[in-house]
Each structure stands twice: as structure tokens, then as C-alpha cells.
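What follows is structure-v6.pdb (PDB, C-alpha atoms).
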```pdb
ATOM      1  CA  MET L   1     -19.380  -1.125-102.034  1.00  0.00           C
ATOM      2  CA  ILE L   2     -19.223   2.649-102.372  1.00  0.00           C
ATOM      3  CA  ARG L   3     -21.546   4.390-104.793  1.00  0.00           C
ATOM      4  CA  LYS L   4     -23.495   7.585-105.375  1.00  0.00           C
ATOM      5  CA  LEU L   5     -26.734   8.011-103.485  1.00  0.00           C
ATOM      6  CA  GLU L   6     -29.689   7.214-105.726  1.00  0.00           C
ATOM      7  CA  GLU L   7     -33.364   8.162-105.588  1.00  0.00           C
ATOM      8  CA  LYS L   8     -34.249   4.737-104.147  1.00  0.00           C
ATOM      9  CA  ASP L   9     -31.977   5.418-101.142  1.00  0.00           C
ATOM     10  CA  LYS L  10     -33.879   8.358 -99.699  1.00  0.00           C
ATOM     11  CA  GLU L  11     -35.561   6.604 -96.774  1.00  0.00           C
ATOM     12  CA  ILE L  12     -32.451   4.899 -95.372  1.00  0.00           C
ATOM     13  CA  TRP L  13     -30.312   7.963 -96.144  1.00  0.00           C
ATOM     14  CA  ALA L  14     -32.756  10.145 -94.151  1.00  0.00           C
ATOM     15  CA  LYS L  15     -32.590   7.742 -91.201  1.00  0.00           C
ATOM     16  CA  LEU L  16     -28.792   7.887 -91.217  1.00  0.00           C
ATOM     17  CA  TYR L  17     -28.691  11.657 -91.625  1.00  0.00           C
ATOM     18  CA  ILE L  18     -31.084  12.101 -88.710  1.00  0.00           C
ATOM     19  CA  GLY L  19     -28.652   9.960 -86.703  1.00  0.00           C
ATOM     20  CA  TYR L  20     -25.851  12.282 -87.768  1.00  0.00           C
ATOM     21  CA  ALA L  21     -27.832  15.361 -86.721  1.00  0.00           C
ATOM     22  CA  ASP L  22     -28.759  13.726 -83.395  1.00  0.00           C
ATOM     23  CA  PHE L  23     -25.097  12.961 -82.713  1.00  0.00           C
ATOM     24  CA  TYR L  24     -24.238  16.651 -83.132  1.00  0.00           C
ATOM     25  CA  LYS L  25     -27.438  17.747 -81.347  1.00  0.00           C
ATOM     26  CA  VAL L  26     -28.637  19.671 -84.396  1.00  0.00           C
ATOM     27  CA  PRO L  27     -32.412  19.880 -84.883  1.00  0.00           C
ATOM     28  CA  MET L  28     -33.547  18.119 -88.058  1.00  0.00           C
ATOM     29  CA  ASN L  29     -36.799  18.355 -89.960  1.00  0.00           C
ATOM     30  CA  THR L  30     -38.309  17.229 -93.249  1.00  0.00           C
ATOM     31  CA  GLY L  31     -37.696  20.629 -94.837  1.00  0.00           C
ATOM     32  CA  ILE L  32     -33.947  20.328 -94.343  1.00  0.00           C
ATOM     33  CA  LEU L  33     -33.928  16.680 -95.369  1.00  0.00           C
ATOM     34  CA  ASP L  34     -35.929  17.403 -98.532  1.00  0.00           C
ATOM     35  CA  THR L  35     -33.699  20.338 -99.474  1.00  0.00           C
ATOM     36  CA  LEU L  36     -30.495  18.376 -98.997  1.00  0.00           C
ATOM     37  CA  TRP L  37     -31.909  15.407-100.887  1.00  0.00           C
ATOM     38  CA  VAL L  38     -32.792  17.618-103.861  1.00  0.00           C
ATOM     39  CA  TRP L  39     -29.253  19.023-103.807  1.00  0.00           C
ATOM     40  CA  ILE L  40     -27.707  15.539-103.752  1.00  0.00           C
ATOM     41  CA  GLN L  41     -29.898  14.337-106.619  1.00  0.00           C
ATOM     42  CA  ASP L  42     -29.151  17.421-108.762  1.00  0.00           C
ATOM     43  CA  GLU L  43     -26.004  16.622-110.768  1.00  0.00           C
ATOM     44  CA  SER L  44     -25.319  20.344-111.221  1.00  0.00           C
ATOM     45  CA  HIS L  45     -25.400  21.127-107.481  1.00  0.00           C
ATOM     46  CA  ASP L  46     -22.170  21.446-105.485  1.00  0.00           C
ATOM     47  CA  VAL L  47     -23.185  18.940-102.797  1.00  0.00           C
ATOM     48  CA  LYS L  48     -22.676  15.289-103.720  1.00  0.00           C
ATOM     49  CA  GLY L  49     -23.583  12.174-101.779  1.00  0.00           C
ATOM     50  CA  LEU L  50     -21.970   8.771-101.373  1.00  0.00           C
ATOM     51  CA  CYS L  51     -23.007   5.679 -99.513  1.00  0.00           C
ATOM     52  CA  PHE L  52     -21.309   2.537 -98.315  1.00  0.00           C
ATOM     53  CA  GLU L  53     -23.339  -0.571 -98.940  1.00  0.00           C
ATOM     54  CA  LEU L  54     -22.739  -3.771 -97.009  1.00  0.00           C
ATOM     55  CA  GLU L  55     -24.714  -6.899 -97.860  1.00  0.00           C
ATOM     56  CA  GLY L  56     -27.139  -4.806 -99.929  1.00  0.00           C
ATOM     57  CA  LYS L  57     -27.871  -2.265 -97.175  1.00  0.00           C
ATOM     58  CA  ILE L  58     -26.535   1.257 -96.730  1.00  0.00           C
ATOM     59  CA  ARG L  59     -24.459   1.443 -93.563  1.00  0.00           C
ATOM     60  CA  GLY L  60     -22.657   4.761 -94.050  1.00  0.00           C
ATOM     61  CA  ILE L  61     -23.072   8.068 -95.884  1.00  0.00           C
ATOM     62  CA  ALA L  62     -20.861  10.977 -96.854  1.00  0.00           C
ATOM     63  CA  HIS L  63     -21.627  14.403 -98.318  1.00  0.00           C
ATOM     64  CA  TYR L  64     -18.870  16.331-100.048  1.00  0.00           C
ATOM     65  CA  ARG L  65     -18.230  19.146-102.486  1.00  0.00           C
ATOM     66  CA  THR L  66     -15.541  20.855-104.481  1.00  0.00           C
ATOM     67  CA  MET L  67     -14.411  24.030-102.742  1.00  0.00           C
ATOM     68  CA  PRO L  68     -12.017  26.775-103.807  1.00  0.00           C
ATOM     69  CA  ARG L  69      -9.006  27.312-101.551  1.00  0.00           C
ATOM     70  CA  PRO L  70      -8.002  30.926-102.253  1.00  0.00           C
ATOM     71  CA  ILE L  71      -4.689  30.877-100.355  1.00  0.00           C
ATOM     72  CA  LYS L  72      -3.463  28.093-102.645  1.00  0.00           C
ATOM     73  CA  GLY L  73      -5.260  29.225-105.796  1.00  0.00           C
ATOM     74  CA  LYS L  74      -6.586  25.693-106.155  1.00  0.00           C
ATOM     75  CA  TYR L  75      -9.648  23.581-105.493  1.00  0.00           C
ATOM     76  CA  ILE L  76      -9.980  21.021-102.723  1.00  0.00           C
ATOM     77  CA  GLY L  77     -12.552  18.433-101.797  1.00  0.00           C
ATOM     78  CA  PHE L  78     -14.513  19.294 -98.665  1.00  0.00           C
ATOM     79  CA  LEU L  79     -16.136  16.513 -96.649  1.00  0.00           C
ATOM     80  CA  ASP L  80     -19.213  18.042 -95.049  1.00  0.00           C
ATOM     81  CA  ASP L  81     -20.841  15.066 -93.369  1.00  0.00           C
ATOM     82  CA  LEU L  82     -19.755  11.514 -92.593  1.00  0.00           C
ATOM     83  CA  PHE L  83     -21.867   9.044 -90.661  1.00  0.00           C
ATOM     84  CA  VAL L  84     -21.711   5.301 -90.109  1.00  0.00           C
ATOM     85  CA  GLU L  85     -24.469   3.343 -88.386  1.00  0.00           C
ATOM     86  CA  PRO L  86     -23.299   2.816 -84.795  1.00  0.00           C
ATOM     87  CA  GLU L  87     -23.610  -0.989 -85.031  1.00  0.00           C
ATOM     88  CA  PHE L  88     -21.220  -1.013 -88.009  1.00  0.00           C
ATOM     89  CA  ARG L  89     -18.484   1.201 -86.632  1.00  0.00           C
ATOM     90  CA  GLY L  90     -15.071  -0.389 -86.333  1.00  0.00           C
ATOM     91  CA  GLN L  91     -15.400  -2.028 -89.769  1.00  0.00           C
ATOM     92  CA  LYS L  92     -13.386   0.696 -91.545  1.00  0.00           C
ATOM     93  CA  ILE L  93     -16.436   2.053 -93.373  1.00  0.00           C
ATOM     94  CA  ALA L  94     -15.556   5.686 -92.609  1.00  0.00           C
ATOM     95  CA  GLN L  95     -11.952   5.051 -93.636  1.00  0.00           C
ATOM     96  CA  LYS L  96     -13.122   3.504 -96.913  1.00  0.00           C
ATOM     97  CA  LEU L  97     -15.401   6.460 -97.658  1.00  0.00           C
ATOM     98  CA  ILE L  98     -12.528   8.883 -97.027  1.00  0.00           C
ATOM     99  CA  SER L  99     -10.230   6.734 -99.158  1.00  0.00           C
ATOM    100  CA  HIS L 100     -12.804   6.964-101.945  1.00  0.00           C
ATOM    101  CA  LEU L 101     -12.706  10.750-101.603  1.00  0.00           C
ATOM    102  CA  LYS L 102      -8.924  10.554-101.990  1.00  0.00           C
ATOM    103  CA  SER L 103      -9.439   8.828-105.341  1.00  0.00           C
ATOM    104  CA  LEU L 104     -11.964  11.517-106.311  1.00  0.00           C
ATOM    105  CA  SER L 105      -9.354  14.097-105.326  1.00  0.00           C
ATOM    106  CA  LYS L 106      -6.938  12.689-107.880  1.00  0.00           C
ATOM    107  CA  ALA L 107      -9.632  12.364-110.544  1.00  0.00           C
ATOM    108  CA  ASN L 108     -10.828  15.967-109.981  1.00  0.00           C
ATOM    109  CA  ASN L 109      -7.344  17.440-109.592  1.00  0.00           C
ATOM    110  CA  TRP L 110      -8.141  18.702-106.115  1.00  0.00           C
ATOM    111  CA  ASN L 111      -5.298  19.936-103.944  1.00  0.00           C
ATOM    112  CA  GLY L 112      -6.350  17.636-101.090  1.00  0.00           C
ATOM    113  CA  ILE L 113      -9.386  17.043 -98.919  1.00  0.00           C
ATOM    114  CA  ARG L 114     -10.449  18.908 -95.773  1.00  0.00           C
ATOM    115  CA  TRP L 115     -13.093  18.439 -93.121  1.00  0.00           C
ATOM    116  CA  ILE L 116     -13.921  19.470 -89.600  1.00  0.00           C
ATOM    117  CA  THR L 117     -15.177  17.535 -86.638  1.00  0.00           C
ATOM    118  CA  HIS L 118     -16.235  18.491 -83.159  1.00  0.00           C
ATOM    119  CA  SER L 119     -13.511  18.360 -80.526  1.00  0.00           C
ATOM    120  CA  SER L 120     -15.661  15.953 -78.491  1.00  0.00           C
ATOM    121  CA  ASN L 121     -15.861  13.388 -81.313  1.00  0.00           C
ATOM    122  CA  GLU L 122     -13.090  11.223 -79.867  1.00  0.00           C
ATOM    123  CA  ASN L 123     -13.756   8.091 -81.931  1.00  0.00           C
ATOM    124  CA  ALA L 124     -13.675   9.956 -85.216  1.00  0.00           C
ATOM    125  CA  LYS L 125     -10.563  11.886 -84.180  1.00  0.00           C
ATOM    126  CA  LYS L 126      -8.711   8.605 -83.527  1.00  0.00           C
ATOM    127  CA  LEU L 127      -9.272   7.650 -87.153  1.00  0.00           C
ATOM    128  CA  TYR L 128      -8.590  11.114 -88.533  1.00  0.00           C
ATOM    129  CA  ASP L 129      -5.304  11.381 -86.623  1.00  0.00           C
ATOM    130  CA  LYS L 130      -4.157   8.165 -88.334  1.00  0.00           C
ATOM    131  CA  ILE L 131      -5.048   9.166 -91.894  1.00  0.00           C
ATOM    132  CA  ALA L 132      -4.834  12.960 -92.033  1.00  0.00           C
ATOM    133  CA  TYR L 133      -3.005  15.974 -90.667  1.00  0.00           C
ATOM    134  CA  ASN L 134      -4.686  18.095 -87.978  1.00  0.00           C
ATOM    135  CA  THR L 135      -4.236  21.676 -89.186  1.00  0.00           C
ATOM    136  CA  GLY L 136      -4.804  23.159 -85.730  1.00  0.00           C
ATOM    137  CA  PHE L 137      -7.314  25.685 -87.018  1.00  0.00           C
ATOM    138  CA  GLU L 138     -10.353  26.507 -84.888  1.00  0.00           C
ATOM    139  CA  LEU L 139     -13.800  27.068 -86.370  1.00  0.00           C
ATOM    140  CA  TYR L 140     -15.772  30.258 -85.766  1.00  0.00           C
ATOM    141  CA  GLU L 141     -19.291  31.022 -86.900  1.00  0.00           C
ATOM    142  CA  ILE L 142     -21.673  33.947 -87.010  1.00  0.00           C
ATOM    143  CA  LYS L 143     -25.216  32.650 -87.119  1.00  0.00           C
ATOM    144  CA  GLY L 144     -27.561  33.887 -89.810  1.00  0.00           C
ATOM    145  CA  ASN L 145     -31.272  33.373 -90.387  1.00  0.00           C
TER     146      ASN L 145
END
```
File written out as C-alpha cells:
Amino acid sequence: MIRKLEEKDKEIWAKLYIGYADFYKVPMNTGILDTLWVWIQDESHDVKGLCFELEGKIRGIAHYRTMPRPIKGKYIGFLDDLFVEPEFRGQKIAQKLISHLKSLSKANNWNGIRWITHSSNENAKKLYDKIAYNTGFELYEIKGN
């Protein structure tokens, strides 16, 4: 079952998000977790959170937002984070979460959904290549504070 993240989910969500950060070798701390959790719980904030529940336990999470796409003059859905517990991979949980975003795209009149992944994330890329178009764009970043 896919649903919004609720207040009661914080502990398991944090465990999964730490797993996500570890996968990408990004340092994580309670300050970041608390900030993101407040954003997800605030209905007026851009960042939204979903979870995939299997047998009453959360096994996957996704964070997304509506994002303007200036070159098209339209809005799109942007998938920021997607993580499935390693023991539950291969059960189409990630695919189901993305499919749910496709239904949100229609409901919100988005002009599609976009996301990025690291070039080394071979397992995820196998799925993404089946269900989406690789735009070929490369990501650049200037670090701030």
C-alpha cells in the first residue's frame, strides 16, 4: 500500500533515510532529519513524502515536489529521493512508488516527472531505463554553506 508519511512513521522513515544517505555516502544527522521531517509534515511545504507499506511495515520511501520547468512553461513532478530496504528490492516497490507519482502527475496536471540518480547506481538505472527516458543531461553543482 502506498500512502503519505504520517507522524507515527518518523522512526522507521529516519532509519530508511539514513540508509539512503549511507548509500550515497552523504553525512546525515538529526538536524537534517528533523528539518526534512518538519517539511514533509507541513502540508504547505513543497516537499512531500510517500511510503510503501508491506504487511503493515514501511519498506520504501519517496520524497517529491512540484517544480516549475521554465523551458516548457509548465510544472513537473520532481522525485528527490527514493529508497527501498535492501531486503525488499526486486519486489517492484520502487516501480510502484514511481507509478504512483505518475498518477499524481495526472491529478496535478504536471508535464511529466523527472529525477536524477548517480551514474554508479546500476540497479536503479536498470529499472529507470525500462520505465523512463534518459535525457542525457549531466548534473553540475556549486556548493554553498
- Task: Given the file shown, enumerate the residues that the PyMOL selection byres ((chain L and resi 122-130) around 10) captures and present them as JSON, numbers by chain.
- Result: {"L": [82, 83, 89, 90, 92, 94, 95, 98, 115, 116, 117, 118, 119, 120, 121, 131, 132, 133, 134]}
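Pairwise distance (CA of Gly60 (chain L), CA of Leu97 (chain L)) equals 8.3 Å.
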- Note on the structure: Counting all atoms listed in the file, the residue among L:Ile40, L:Ile2, L:Ile76, L:Leu139 that lies closest to Lys57 (chain L) is L:Ile2
- Query: What is the CA of Cys51 (chain L)-CA of Phe88 (chain L) distance in Å, reported with one decimal?
  - Reply: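 We find that CA of Cys51 (chain L) and CA of Phe88 (chain L) lie 13.4 Å from each other.
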Skipping near chain neighbours, those fewer than 4 positions away, what residues fall within 6 Å of His63 (chain L) using all atoms listed in the file, listed as a compact mmCIF listing (two decimals) with C-alpha atoms, keeping the file's coordinate frame?
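Written file, selection_14.txt:
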```
# COMPACT_ATOMS: atom_id res chain seq x y z
CA LYS L 48 -22.68 15.29 -103.72
CA GLY L 49 -23.58 12.17 -101.78
CA ASP L 80 -19.21 18.04 -95.05
CA ASP L 81 -20.84 15.07 -93.37
```
- Query: In Å, how far is it from CA of Asp34 (chain L) to CA of Ala21 (chain L)?
  - Reply: 14.5 Å
- Message: Applying 12 Å and all atoms listed in the file, which residues near Met67 (chain L) remain after dropping the ones on its own chain fewer than 3 positions away? List them as JSON, numbers by chain.
- Response: {"L": [46, 47, 64, 70, 72, 73, 74, 75, 76, 77, 78, 79, 80, 105, 108, 109, 110, 111, 112, 113, 114, 115]}
- Among listed residues L:Glu85, L:Asn145, L:Gly56, L:Leu5, nearest Leu36 (chain L) (using all atoms listed in the file): L:Leu5
- Task: Specify as an MDAnalysis selection string each residue included when the PyMOL selection byres ((chain L and resi 37) around 12) is applied to this file.
- Result: chainID L and resid 5:14 17 30:36 38:43 45 47:50 63
Kindly add N, CA and C atoms to the incomplete region 123-142 of chain L and provide the output as a short mmCIF file (atom, residue, chain, number, x, y, z; two decimals), in the coordinates of the input.
```cif
data_model
loop_
_atom_site.label_atom_id
_atom_site.label_comp_id
_atom_site.auth_asym_id
_atom_site.auth_seq_id
_atom_site.Cartn_x
_atom_site.Cartn_y
_atom_site.Cartn_z
N ASN L 123 -13.92 9.26 -81.06
CA ASN L 123 -13.76 8.09 -81.93
C ASN L 123 -13.35 8.50 -83.34
N ALA L 124 -14.02 9.50 -83.87
CA ALA L 124 -13.68 9.96 -85.22
C ALA L 124 -12.26 10.53 -85.24
N LYS L 125 -11.90 11.28 -84.22
CA LYS L 125 -10.56 11.89 -84.18
C LYS L 125 -9.46 10.83 -84.15
N LYS L 126 -9.71 9.68 -83.53
CA LYS L 126 -8.71 8.60 -83.53
C LYS L 126 -8.41 8.16 -84.96
N LEU L 127 -9.46 8.01 -85.75
CA LEU L 127 -9.27 7.65 -87.15
C LEU L 127 -8.59 8.78 -87.90
N TYR L 128 -9.11 9.99 -87.77
CA TYR L 128 -8.59 11.11 -88.53
C TYR L 128 -7.11 11.36 -88.24
N ASP L 129 -6.71 11.19 -86.98
CA ASP L 129 -5.30 11.38 -86.62
C ASP L 129 -4.40 10.35 -87.29
N LYS L 130 -4.94 9.20 -87.65
CA LYS L 130 -4.16 8.16 -88.33
C LYS L 130 -4.02 8.44 -89.83
N ILE L 131 -5.03 9.07 -90.43
CA ILE L 131 -5.05 9.17 -91.89
C ILE L 131 -4.88 10.58 -92.44
N ALA L 132 -4.89 11.57 -91.56
CA ALA L 132 -4.83 12.96 -92.03
C ALA L 132 -4.04 13.82 -91.05
N TYR L 133 -3.75 15.01 -91.47
CA TYR L 133 -3.00 15.97 -90.67
C TYR L 133 -3.98 16.94 -90.00
N ASN L 134 -3.87 17.12 -88.70
CA ASN L 134 -4.69 18.10 -87.98
C ASN L 134 -4.05 19.47 -88.18
N THR L 135 -4.78 20.36 -88.84
CA THR L 135 -4.24 21.68 -89.19
C THR L 135 -4.13 22.61 -87.99
N GLY L 136 -4.84 22.31 -86.91
CA GLY L 136 -4.80 23.16 -85.73
C GLY L 136 -5.72 24.36 -85.79
N PHE L 137 -6.41 24.55 -86.91
CA PHE L 137 -7.31 25.68 -87.02
C PHE L 137 -8.56 25.46 -86.17
N GLU L 138 -9.11 26.54 -85.66
CA GLU L 138 -10.35 26.51 -84.89
C GLU L 138 -11.46 27.09 -85.76
N LEU L 139 -12.66 26.64 -85.56
CA LEU L 139 -13.80 27.07 -86.37
C LEU L 139 -14.60 28.13 -85.62
N TYR L 140 -14.91 29.21 -86.31
CA TYR L 140 -15.77 30.26 -85.77
C TYR L 140 -16.96 30.42 -86.69
N GLU L 141 -18.07 30.89 -86.11
CA GLU L 141 -19.29 31.02 -86.90
C GLU L 141 -20.12 32.20 -86.39
N ILE L 142 -20.67 32.95 -87.32
CA ILE L 142 -21.67 33.95 -87.01
C ILE L 142 -22.98 33.41 -87.55
#
```
